Amino acid sequence: MKISYNWLRQYIKTDLSPEKLAELLTGCGLEVENMEEFHSVKGGLKGVVIGEVLSCAKHPNSDHLSLTTVSTGQGEPLSIVCGAPNVAAGQKVAVAGLGTTLYFNDKEVTLQKTRIRGEVSEGMICAEDELGLGKGHAGIMILPSEAKVGISASEYFGIEHDWVFTIGLTPNRADAASHIGVARDVAAVINNFGRSEPLDSGRTQIHLPEVSAFKQDNDELVIGIAVDDPAACPRYTGLTITGIKVAESPVWLKNRLNAVGLRPINNIVDITNFILMELGQPLHAFDAGRITGRNVIVRKNPQGTKFTTLDEVERELGSDDLMICNEAEPMCIAGVFGGVGSGVTSETTSVFLESAYFDPIHIRKTARYHGLSTDASFRFERGADYSITVYAIKRAALLIKEIAGGQFSSPVIDVYPKPLDPVKVILPWFNLDRLIGKTLDRQVVTDILTDLGMQVTRHMQPGNEGIEIAVPSYKVDVTRDVDIIEEVLRIYGYNNVEILPEVRSSLSYTKRPDPDKVMNIVSDYFSANGFNEIMNNSLTCSLYYEQNPDFPAERCVRILNPISRDLDVMRQNLLFGCLESVIYNFNRKSADLKFYEFGTVYQKAMGTDDPVKGYHEESHIAITITGKSAAENWNSGTDSVNWFELTGYIQALFHKLGINLSEGNTGRKIFQKTFSGHTFSNGLIYSVNDKVIGTAGLLSRNLLKAFDIRQDIYYAELNWNAILFLIPVKETQYRELPKFPEVRRDLALLLDEAVKFEEIEQLAYQTEKKLLKQVGLFDVYEGEKLGKGKKSYAVSFILRDEEKTLTDKEIDKCMDRLINAFSSNLKAQVR
């Protein structure tokens, strides 16, 4: 949402710079995401000044150019070649000097000193369109003779300079979706930010526009209002204005709208948009002459009713769409979008103004149903201020009368059958102190709440333990004491709450790996090996289990009101969903498949109907492979997947997770046992302490026949919860990076061929325990020149002292000790 700095200062007197104001706004929860400079004319006419043409002569080399000298009130007059036919000596003109950037004809032009037909030109005498002040280009803009030479064009033409804040408005802050709403927060922050005691005087106040001048002029055009659905429209306010003249808006109004990114249309529509951005109250103006029967009816229309919106798109209404109708047809989608047939045009002479409060849920549903998002729906969805409808319509009416003329030809009709009561919240001081972590002065808290428009209705007794607060209607998100505390804290300032020297907190720590991270590791592994992840419905068909004795149907968790026979139980395993995915791909000519799936399975204990204890669920992982092992290619084989490929993936999975197939993290042995049955023709069971944690193998022909599958399917399903438990706990150790450099020395050792490198490595570490960090073998040589039964090892030694840099003398002593040890123990010779 965009907020104008100049516009904001109409309601609050402050000398804060735009940068400081942006800092305060962000600090109180209205995060300023961007701050940009705005000029009512692009570029702000920087570099353009008022000048006087001192002389004007024909260009010697052109019939349509003139040579002029122009005074700008500073320095020497400028020589400017001008192509305008109306230029003459003695004129006051707008002059752009060298280095000035002008924006016209959708181009950006920076003036430089140049020669035109051989004559020097040091600037430009500007036309209307070149300055962005109009569309005229017949000649230069000639100013009145009293124009003062030397003043800036931006000052002379009254170009407005502004700063516009882009605020990242959170969904709960509907109260700040207007300039007055933001001004309210700014005033509260200026008065109370970080205060340890209340401010006695000089409190900053917001200034709301006066509407006391509103007075009905006549009863010439009274339009009745009927609300058929008060739940969807609790309040509807209307007013008729006659004798208006629809025209272009005044400059100040266009500047305000342009600053916040709204395109000016005409004075009536612009005023409704101005009120929207000023008060946060959406208004709508209907052409009163198009309201058939002089009655406005708020109702819902039948499903499928055709309605054309302002964007000239014909839409079909839903049965729950709230519409603003006349006696013959709908005119507007309430709170969302107007209709093409009832809007204000240049021919309109009377308008019916609407100011309403619509139920947020209805507006949200309608906006989503039609795929519309408007400034009005944005505010109504979040909760508009139901108490401001009359004030807003009077404010708009007075502006219309001031700008477009007209008379108020009806009373303000306010249909409000069931007035809404303000929310009242009790704030215990104990909760305030506990959640903030600091005891604030009670008067400062009260001042903050008052500045935000809240009213303290009573003090809780005994002992003044808290206060009762009446929440204003624009604070739709404040319904609990914690909401009040949040309001207090954001105005007081989060950074003004001191950090306690001792932080008292409890930390929950578990050494068990994070399940989500482990799942991502496994997913990455399978995806990198050509698998596709699938996700099947947890609901499945009970016939699968009734026809398979390996999975008793009595253990199925049945749905009380299934939507179909095919989705009447919760799945006991992932098998049947995987087979459904396989046959789906087979039917689409995709026969080489590799799938994996993470999913939850559900079972009911045999012989019990206990709704809590009788049911069990756990997570499983399924692996399915079928068809060719690798994609068909000229240089690859055509081997099909097999038993060993499936078990290889399972072993790789265990290895990836650090699980040893012989021992788990607690010494529990994982047993593997072959079997066969109705589901698997050849299978393997994985178990720990006689508890099955998974099965794998070739699916039986009888099972595949039920799915009309004629191709071998290899399938594995593992208990994911059990696998997580088997992952070993690895203690992570951290050590400081070395501060001193390491040194490498190499030795070529002639040894008996029976000596292994492992012996050299062990002896080296035993001999030099302090400095030796690493031993490596980088070459082995055997040949006749070495002698019978001999071989040569080229061995590297990495040395480093943790406390200082090694000297050559220390390195030589270390290598001498190693050579002596090799000679004495291994009969080695240094080559």
# chains A, B, ... in the order shown; residues from 1 in each chain; ligands from 1
$ select_by_dssp --residues "stretch 710-811 of chain A" --states "alpha helix (DSSP H)" --output "PyMOL selection string"
chain A and resi 720-726+757-767+808-811
$ write_last_selection --atoms "N, CA and C atoms" --output "short mmCIF file (atom, residue, chain, number, x, y, z; two decimals), in the first residue's frame"
data_model
loop_
_atom_site.label_atom_id
_atom_site.label_comp_id
_atom_site.auth_asym_id
_atom_site.auth_seq_id
_atom_site.Cartn_x
_atom_site.Cartn_y
_atom_site.Cartn_z
N TRP A 720 9.02 -46.58 7.78
CA TRP A 720 9.87 -45.39 7.87
C TRP A 720 10.14 -45.00 9.32
N ASN A 721 9.16 -45.16 10.18
CA ASN A 721 9.37 -44.85 11.61
C ASN A 721 10.46 -45.72 12.20
N ALA A 722 10.45 -47.01 11.84
CA ALA A 722 11.47 -47.91 12.36
C ALA A 722 12.85 -47.57 11.82
N ILE A 723 12.92 -47.18 10.55
CA ILE A 723 14.21 -46.80 9.95
C ILE A 723 14.80 -45.59 10.65
N LEU A 724 13.94 -44.61 10.95
CA LEU A 724 14.43 -43.42 11.65
C LEU A 724 15.03 -43.79 13.00
N PHE A 725 14.44 -44.77 13.67
CA PHE A 725 14.93 -45.19 14.97
C PHE A 725 16.29 -45.90 14.86
N LEU A 726 16.54 -46.54 13.69
CA LEU A 726 17.78 -47.28 13.51
C LEU A 726 18.96 -46.42 13.09
N PHE A 757 51.69 -51.42 3.35
CA PHE A 757 51.68 -49.98 3.66
C PHE A 757 51.11 -49.72 5.05
N GLU A 758 50.16 -50.56 5.47
CA GLU A 758 49.54 -50.39 6.78
C GLU A 758 50.60 -50.42 7.89
N GLU A 759 51.63 -51.27 7.73
CA GLU A 759 52.70 -51.35 8.73
C GLU A 759 53.51 -50.06 8.76
N ILE A 760 53.76 -49.51 7.57
CA ILE A 760 54.50 -48.23 7.50
C ILE A 760 53.70 -47.13 8.20
N GLU A 761 52.40 -47.10 7.92
CA GLU A 761 51.55 -46.06 8.49
C GLU A 761 51.49 -46.16 10.01
N GLN A 762 51.27 -47.36 10.54
CA GLN A 762 51.20 -47.54 11.99
C GLN A 762 52.51 -47.17 12.67
N LEU A 763 53.64 -47.62 12.08
CA LEU A 763 54.95 -47.33 12.67
C LEU A 763 55.24 -45.83 12.66
N ALA A 764 54.82 -45.14 11.59
CA ALA A 764 55.05 -43.69 11.50
C ALA A 764 54.32 -42.96 12.61
N TYR A 765 53.03 -43.31 12.83
CA TYR A 765 52.26 -42.63 13.87
C TYR A 765 52.78 -42.95 15.27
N GLN A 766 53.30 -44.17 15.45
CA GLN A 766 53.88 -44.53 16.76
C GLN A 766 55.17 -43.77 17.03
N THR A 767 55.93 -43.52 15.97
CA THR A 767 57.23 -42.85 16.11
C THR A 767 57.08 -41.35 16.33
N ASP A 808 63.27 -25.72 9.70
CA ASP A 808 63.91 -26.79 8.93
C ASP A 808 64.59 -27.79 9.84
N LYS A 809 65.17 -27.29 10.90
CA LYS A 809 65.89 -28.18 11.83
C LYS A 809 64.93 -29.16 12.48
N GLU A 810 63.76 -28.69 12.92
CA GLU A 810 62.77 -29.56 13.55
C GLU A 810 62.22 -30.58 12.57
N ILE A 811 62.04 -30.15 11.31
CA ILE A 811 61.52 -31.07 10.29
C ILE A 811 62.54 -32.17 10.01
#
$ select_by_dssp --residues "stretch 607-806 of chain A" --states "strand (DSSP E or B)" --output "PyMOL selection string"
chain A and resi 615-626+628+640+670-675+680-688+691-699+713-719+743-752+772-781+790-799
$ closest_residue --among "A:Lys628, A:His459, A:His370, A:Arg395" --to "A:Asp712" --atoms "only C-alpha atoms"
A:Lys628
$ closest_residue --among "A:Met277, A:Leu703, A:Ala794, A:Val522" --to "A:Ser681" --atoms "only C-alpha atoms"
A:Leu703
$ closest_residue --among "A:Ala94, A:Ala630, A:Leu199, A:Met460" --to "A:Thr72" --atoms "only C-alpha atoms"
A:Ala94
$ atom_distance --atom1 "atom CA of A:Asp385" --atom2 "atom CA of A:Ala232"
14.8 Å
$ closest_residue --among "A:Ile621, A:Leu131, A:Ile275, A:Ala188" --to "A:Asn105" --atoms "only C-alpha atoms"
A:Leu131
$ residues_around --residues "A:Leu751" --least-positions-apart "5" --cutoff "12 Å" --atoms "only C-alpha atoms" --output "mmCIF file with N, CA, C and O atoms, in the first residue's frame"
data_model
loop_
_atom_site.group_PDB
_atom_site.id
_atom_site.type_symbol
_atom_site.label_atom_id
_atom_site.label_comp_id
_atom_site.auth_asym_id
_atom_site.auth_seq_id
_atom_site.Cartn_x
_atom_site.Cartn_y
_atom_site.Cartn_z
ATOM 1 N N LYS A 756 53.494 -54.433 4.169
ATOM 2 C CA LYS A 756 52.319 -53.708 3.711
ATOM 3 C C LYS A 756 52.414 -52.230 4.097
ATOM 4 O O LYS A 756 53.079 -51.868 5.061
ATOM 5 N N PHE A 757 51.690 -51.419 3.354
ATOM 6 C CA PHE A 757 51.684 -49.981 3.661
ATOM 7 C C PHE A 757 51.108 -49.717 5.052
ATOM 8 O O PHE A 757 51.523 -48.796 5.745
ATOM 9 N N GLU A 759 51.632 -51.273 7.728
ATOM 10 C CA GLU A 759 52.703 -51.353 8.731
ATOM 11 C C GLU A 759 53.506 -50.064 8.760
ATOM 12 O O GLU A 759 53.901 -49.583 9.827
ATOM 13 N N ILE A 760 53.762 -49.508 7.569
ATOM 14 C CA ILE A 760 54.498 -48.231 7.504
ATOM 15 C C ILE A 760 53.703 -47.134 8.200
ATOM 16 O O ILE A 760 54.229 -46.343 8.991
ATOM 17 N N VAL A 780 53.835 -47.049 -6.075
ATOM 18 C CA VAL A 780 54.423 -48.360 -5.775
ATOM 19 C C VAL A 780 55.163 -48.835 -7.022
ATOM 20 O O VAL A 780 54.612 -48.789 -8.131
ATOM 21 N N TYR A 781 56.409 -49.311 -6.826
ATOM 22 C CA TYR A 781 57.205 -49.756 -7.971
ATOM 23 C C TYR A 781 57.840 -51.098 -7.655
ATOM 24 O O TYR A 781 58.402 -51.306 -6.571
ATOM 25 N N GLU A 782 57.752 -52.022 -8.612
ATOM 26 C CA GLU A 782 58.419 -53.321 -8.515
ATOM 27 C C GLU A 782 59.120 -53.597 -9.840
ATOM 28 O O GLU A 782 58.549 -53.379 -10.903
ATOM 29 N N LEU A 786 65.339 -53.522 -8.699
ATOM 30 C CA LEU A 786 65.263 -53.421 -7.238
ATOM 31 C C LEU A 786 65.792 -54.685 -6.556
ATOM 32 O O LEU A 786 66.116 -54.655 -5.371
ATOM 33 N N GLY A 787 65.817 -55.779 -7.273
ATOM 34 C CA GLY A 787 66.248 -57.045 -6.677
ATOM 35 C C GLY A 787 65.067 -57.944 -6.419
ATOM 36 O O GLY A 787 63.917 -57.495 -6.292
ATOM 37 N N LYS A 788 65.318 -59.195 -6.310
ATOM 38 C CA LYS A 788 64.273 -60.176 -6.108
ATOM 39 C C LYS A 788 63.623 -60.007 -4.728
ATOM 40 O O LYS A 788 64.309 -59.856 -3.729
ATOM 41 N N GLY A 789 62.279 -60.053 -4.705
ATOM 42 C CA GLY A 789 61.546 -59.958 -3.442
ATOM 43 C C GLY A 789 61.508 -58.567 -2.853
ATOM 44 O O GLY A 789 61.176 -58.401 -1.674
ATOM 45 N N LYS A 790 61.800 -57.548 -3.694
ATOM 46 C CA LYS A 790 61.821 -56.164 -3.211
ATOM 47 C C LYS A 790 60.772 -55.312 -3.944
ATOM 48 O O LYS A 790 60.361 -55.617 -5.065
ATOM 49 N N LYS A 791 60.334 -54.250 -3.311
ATOM 50 C CA LYS A 791 59.452 -53.261 -3.932
ATOM 51 C C LYS A 791 59.731 -51.895 -3.321
ATOM 52 O O LYS A 791 60.311 -51.787 -2.231
ATOM 53 N N SER A 792 59.290 -50.851 -4.010
ATOM 54 C CA SER A 792 59.534 -49.481 -3.552
ATOM 55 C C SER A 792 58.206 -48.778 -3.316
ATOM 56 O O SER A 792 57.310 -48.794 -4.179
ATOM 57 N N TYR A 793 58.079 -48.200 -2.117
ATOM 58 C CA TYR A 793 56.915 -47.381 -1.776
ATOM 59 C C TYR A 793 57.318 -45.913 -1.768
ATOM 60 O O TYR A 793 58.317 -45.548 -1.128
ATOM 61 N N ALA A 794 56.558 -45.048 -2.478
ATOM 62 C CA ALA A 794 56.739 -43.596 -2.365
ATOM 63 C C ALA A 794 55.692 -43.093 -1.377
ATOM 64 O O ALA A 794 54.487 -43.179 -1.646
ATOM 65 N N PHE A 822 61.964 -46.913 10.392
ATOM 66 C CA PHE A 822 61.713 -47.790 9.261
ATOM 67 C C PHE A 822 62.878 -48.754 9.040
ATOM 68 O O PHE A 822 62.667 -49.925 8.706
ATOM 69 N N SER A 823 64.073 -48.235 9.224
ATOM 70 C CA SER A 823 65.261 -49.083 9.033
ATOM 71 C C SER A 823 65.328 -50.173 10.086
ATOM 72 O O SER A 823 65.623 -51.345 9.792
ATOM 73 N N SER A 824 65.082 -49.822 11.321
ATOM 74 C CA SER A 824 65.215 -50.778 12.424
ATOM 75 C C SER A 824 64.106 -51.818 12.418
ATOM 76 O O SER A 824 64.352 -53.005 12.674
ATOM 77 N N ASN A 825 62.888 -51.397 12.156
ATOM 78 C CA ASN A 825 61.742 -52.292 12.308
ATOM 79 C C ASN A 825 61.319 -52.989 11.019
ATOM 80 O O ASN A 825 60.802 -54.110 11.047
ATOM 81 N N LEU A 826 61.505 -52.316 9.881
ATOM 82 C CA LEU A 826 61.025 -52.881 8.618
ATOM 83 C C LEU A 826 62.159 -53.188 7.645
ATOM 84 O O LEU A 826 61.893 -53.611 6.513
ATOM 85 N N LYS A 827 63.424 -52.963 8.076
ATOM 86 C CA LYS A 827 64.588 -53.192 7.224
ATOM 87 C C LYS A 827 64.499 -52.381 5.938
ATOM 88 O O LYS A 827 64.856 -52.815 4.842
ATOM 89 N N ALA A 828 63.984 -51.178 6.069
ATOM 90 C CA ALA A 828 63.791 -50.326 4.905
ATOM 91 C C ALA A 828 65.059 -49.554 4.585
ATOM 92 O O ALA A 828 65.844 -49.213 5.469
ATOM 93 N N GLN A 829 65.230 -49.275 3.285
ATOM 94 C CA GLN A 829 66.325 -48.441 2.823
ATOM 95 C C GLN A 829 65.730 -47.239 2.094
ATOM 96 O O GLN A 829 64.799 -47.378 1.311
ATOM 97 N N VAL A 830 66.333 -46.087 2.349
ATOM 98 C CA VAL A 830 65.875 -44.876 1.670
ATOM 99 C C VAL A 830 66.586 -44.804 0.327
ATOM 100 O O VAL A 830 67.824 -44.814 0.270
ATOM 101 N N ARG A 831 65.791 -44.725 -0.730
ATOM 102 C CA ARG A 831 66.390 -44.682 -2.076
ATOM 103 C C ARG A 831 66.824 -43.269 -2.443
ATOM 104 O O ARG A 831 66.211 -42.298 -2.038
#
$ residues_around --residues "A:Phe337" --least-positions-apart "3" --cutoff "8 Å" --atoms "only C-alpha atoms" --output "list in words"
Thr309, Leu310, Cys332, Ile333, Ala334, Thr374 and Ala376 of chain A
$ closest_residue --among "A:Asn520, A:Asn295, A:Ser542, A:Asn719" --to "A:Thr600" --atoms "only C-alpha atoms"
A:Asn719
$ closest_atom_pairs --of "stretch 223-256 of chain A" --to "stretch 358-367 of chain A" --cutoff "8 Å" --atoms "only C-alpha atoms" --output "Markdown table"
| residue | atom | partner | partner_atom | distance |
| --- | --- | --- | --- | --- |
| A:Ala231 | CA | A:Asp359 | CA | 7.1 |
| A:Ala232 | CA | A:Asp359 | CA | 5.0 |
| A:Cys233 | CA | A:Phe358 | CA | 4.6 |
| A:Pro234 | CA | A:Phe358 | CA | 6.5 |
| A:Arg235 | CA | A:Phe358 | CA | 7.2 |
$ write_last_selection --atoms "N, CA and C atoms" --output "PDB file, in the first residue's frame"
ATOM      1  N   ALA A 231     -27.270  -9.981   7.226  1.00  0.00           N
ATOM      2  CA  ALA A 231     -26.072 -10.692   7.688  1.00  0.00           C
ATOM      3  C   ALA A 231     -24.896 -10.410   6.764  1.00  0.00           C
ATOM      4  N   ALA A 232     -25.160 -10.304   5.468  1.00  0.00           N
ATOM      5  CA  ALA A 232     -24.107 -10.010   4.502  1.00  0.00           C
ATOM      6  C   ALA A 232     -23.829  -8.518   4.406  1.00  0.00           C
ATOM      7  N   CYS A 233     -24.832  -7.695   4.739  1.00  0.00           N
ATOM      8  CA  CYS A 233     -24.670  -6.234   4.709  1.00  0.00           C
ATOM      9  C   CYS A 233     -25.273  -5.648   5.977  1.00  0.00           C
ATOM     10  N   PRO A 234     -24.523  -5.629   7.081  1.00  0.00           N
ATOM     11  CA  PRO A 234     -25.070  -5.124   8.344  1.00  0.00           C
ATOM     12  C   PRO A 234     -25.416  -3.634   8.305  1.00  0.00           C
ATOM     13  N   ARG A 235     -24.734  -2.860   7.411  1.00  0.00           N
ATOM     14  CA  ARG A 235     -25.007  -1.418   7.392  1.00  0.00           C
ATOM     15  C   ARG A 235     -24.860  -0.896   5.974  1.00  0.00           C
TER      16      ARG A 235
END
$ closest_residue --among "A:Glu220, A:Ala127, A:Gln774, A:Phe576" --to "A:Ala706" --atoms "only C-alpha atoms"
A:Phe576
$ atom_distance --atom1 "atom CA of A:Ser409" --atom2 "atom CA of A:Thr345"
19.6 Å
$ residues_around --residues "A:Val313" --least-positions-apart "6" --cutoff "12 Å" --atoms "only C-alpha atoms" --output "ChimeraX atom specification"
/A:306-307,337-340,370,372
$ atom_distance --atom1 "atom CA of A:Glu31" --atom2 "atom CA of A:Gly43"
27.0 Å
